[in-house]
Amino acid sequence: MHIHYRSIEGRSVGFLALLGLLGAIVAVGLGAALYMEHNGHWLTGMTNQIVWGMPHVFAVFLIVAASGALNVASIASVFGRQMYKPLSRLSGLLAITLLVGGLAVLVLDLGRPDRLTVAMTYYNFKSIFAWNIFLYIGFLLVVAAYLWIMMERRMNDYSKPVGVFAFTWRLILTTGTGSIFGFLVARSAYDTAVLAPMFIVFSFAYGLAIFLLVLMAAMAWTGRAFGDAVFARLRNLLGVFIAGAFYFVLVYHLTNLYITERHGIEAFILRDGGQFTAAFWLGQVIVGYVAPFAIVYSRLGRSRAMVALAAVLVVLGGIAQMYVTIIGGQAYPMPLFADKDIIESSFFDGQVAAYTPSLPELLLGVGGIGIALIATTFAVKVLPFLPASLADADADPHYKPEAA
Amino acid sequence: MSLNRREFLGLTAVAALATPGLRLVELAQARAPEETATKLQRWGLLIDAAKCADGCDACVTACHVENGVTGHNRPATDPQWIRKVKIKDRQTGYVQTLPLMCQHCEHPPCVDVCPTGASFKRADGIVLVDKHICIGCRYCMMACPYKARSFIHEDTKDQKPHAPRGKGTVESCTLCVHKVDRGDNTTACAEACKKEGHEAILFGDLNDAGSEIRKRLASAPSTQLRPDLKLNTGVRYTGL
């Protein structure tokens, strides 16, 4: 079967308006970064207690989602599912653009972003951050090569081995991202190997949710067919990934609840943590898992608008999850003394750290999403990333229309 | 040249006497400024919490004056290289105070995680930040179990030549490395504590069997903070 891809025309008012809107979001984000950089981080919600704030929430979310966005291509090339093949190019594209967006936020939030060259030339090979620099750059190169092989007909035969390589790379990459936290022995919320596989399963859900939203928008706005069977397959897959993410969250918390040493952090996140408890139950669990799962596996899932809503909820839940993991994990005081409480300190020891996200931080984070989306929007205009049709019969060689 | 038995024995005796003597001289002398730090020393502090006075923060003031650590009256973002904490025993309610600073670990998590190698440990055990290659990622602050590090959130002023500081980088206690290298054999905090008459902080070489710190550590129980992490800290506590 031959799949037709076609770049979008990109001359409509709608297209230009979209570029303009995304461009504005990016410009505001860059402006926010400049403002924080010029004045110093004291203007943000970040402190010596909460050293990683909203920019990290968005950056890590985007990086995790980037590796997950590649899954659709992997399902086609690694696991041989034909139906996913027409989706592979967009999958690879989003993997690149989301990663670039996330990395941009990460770099712009450095204390010294002007020293990016230092980060690229001085390496401490025991640092998981240093490994990640290689994993991220490597990922961009591997996925770019993968896209080229998919787009260049002469090279199509290599799409399976390169696809397997890219898939392996992305698993290692997300392992690395989860381990940024998993390797931290100091803090009760981290210091566990489960964070690595947990981040991988999170990435499945976040990446697919963003992929689905971008695909729906692109197909609808360019008037291309998007068959019900194809749509249903992606919708159900999203449901499976949500369930998988929930499973890992359950394992993480149940394990901690068993270990006496970790009762403090669990009580904090699950019950006493104020904004973090709210972000966990309302954001991560209800918005991120329960509501979209209910939509996908109920009659509501027959409505595309509702499934799109479910995907938006997965994204919002994912941001809430990163907020709980990254900021909640820092807000809970570090256990300096096994059997003593710190009752007084000028440096906030023994206290739950206060954190209020500041507007510039938020704008920088959203700017990262803007970078990912504007790059995607531009790319689908200049190169044929999008399938000309996703009508069921066009996408799936095994598709058989049900007898009426 | 051949040696008779008496000459041979005589030379052996001289050599036997001279070798440990040379070794002792070598350990006792501070190294010259042009010499690099070596593993012969392991600098550290012994803090006696029982002698640390409630309400006294002479060590904190002295450290910040010595190193030019100034803030902007914003406690959440101002740097603190050393701070006093008051702790209460969960079971008995016993309250005591002690100073907390970089623990100068043998296996420092901050050094492990630093992507550029800006966080580093000198051969003599002092953990420092190379301000030239710190990119301000703050991963070391995430990793430090002692909350020893501060991020410089805004412009600095009144810097000391021996303690450069710059917005956007991370800093922490240097164990008064400039004083150590000068051969002062003490730190600003230890000096200040002594001046107040408390003598709760003792600086010294943990490797030197003849040093006071080593003798006191060898003669009475002491502990490290978060000993479960097995970081082998250079800062030790007694009276906890």
# chains A, B, ... in the order shown; residues from 1 in each chain; ligands from 1

call {"tool": "interface_residues", "arguments": {"of": "chain A", "to": "chain B", "cutoff": "6 Å", "atoms": "only C-alpha atoms", "output": "PyMOL selection string"}}
result
chain A and resi 40-42+47-48+110-112+115+119+122-124+126-127+129-130+184+186+339-345

call {"tool": "select_by_dssp", "arguments": {"residues": "stretch 33-191 of chain B", "states": "strand (DSSP E)", "output": "PyMOL selection string"}}
result
chain B and resi 43-48+82-89+95-101+119-121+127-129+150-151+170-171

call {"tool": "residues_around", "arguments": {"residues": "stretch 197-208 of chain A", "least_positions_apart": "4", "cutoff": "8 Å", "atoms": "only C-alpha atoms", "output": "list in words"}}
result
Val64, Ala65, Ala66, Ser67, Gly68, Ala69, Leu70, Asn71, Val72, Leu171, Thr174, Thr175, Thr177, Gly178, Ala193, Leu212, Leu238, Phe241, Ile242, Gly244, Ala245, Phe248, Val249, Val314, Val315 and Gly318 of chain A

call {"tool": "closest_residue", "arguments": {"among": "B:Gln103, B:Tyr237, B:Asp130, B:Gly68", "to": "B:Arg216", "atoms": "only C-alpha atoms"}}
result
B:Tyr237

call {"tool": "closest_residue", "arguments": {"among": "B:Asn207, B:Asp158, B:Asp48, B:Leu231", "to": "A:Val185", "atoms": "only C-alpha atoms"}}
result
B:Leu231

call {"tool": "closest_residue", "arguments": {"among": "A:Met322, A:Val214, A:Leu257, A:Val296", "to": "A:Val60", "atoms": "only C-alpha atoms"}}
result
A:Met322

call {"tool": "select_by_dssp", "arguments": {"residues": "stretch 191-355 of chain A", "states": "alpha helix (DSSP H)", "output": "number ranges by chain"}}
result
A: 195-221, 228-258, 263-267, 275-278, 291-296, 304-322, 329-331

call {"tool": "closest_residue", "arguments": {"among": "B:Phe203, B:Val129, B:Glu196, B:Gln159", "to": "B:Asp184", "atoms": "only C-alpha atoms"}}
result
B:Phe203

call {"tool": "atom_distance", "arguments": {"atom1": "atom CA of A:Pro401", "atom2": "atom CA of A:Gly239"}}
result
23.7 Å

call {"tool": "atom_distance", "arguments": {"atom1": "atom CA of A:Leu98", "atom2": "atom CA of A:Val380"}}
result
14.4 Å
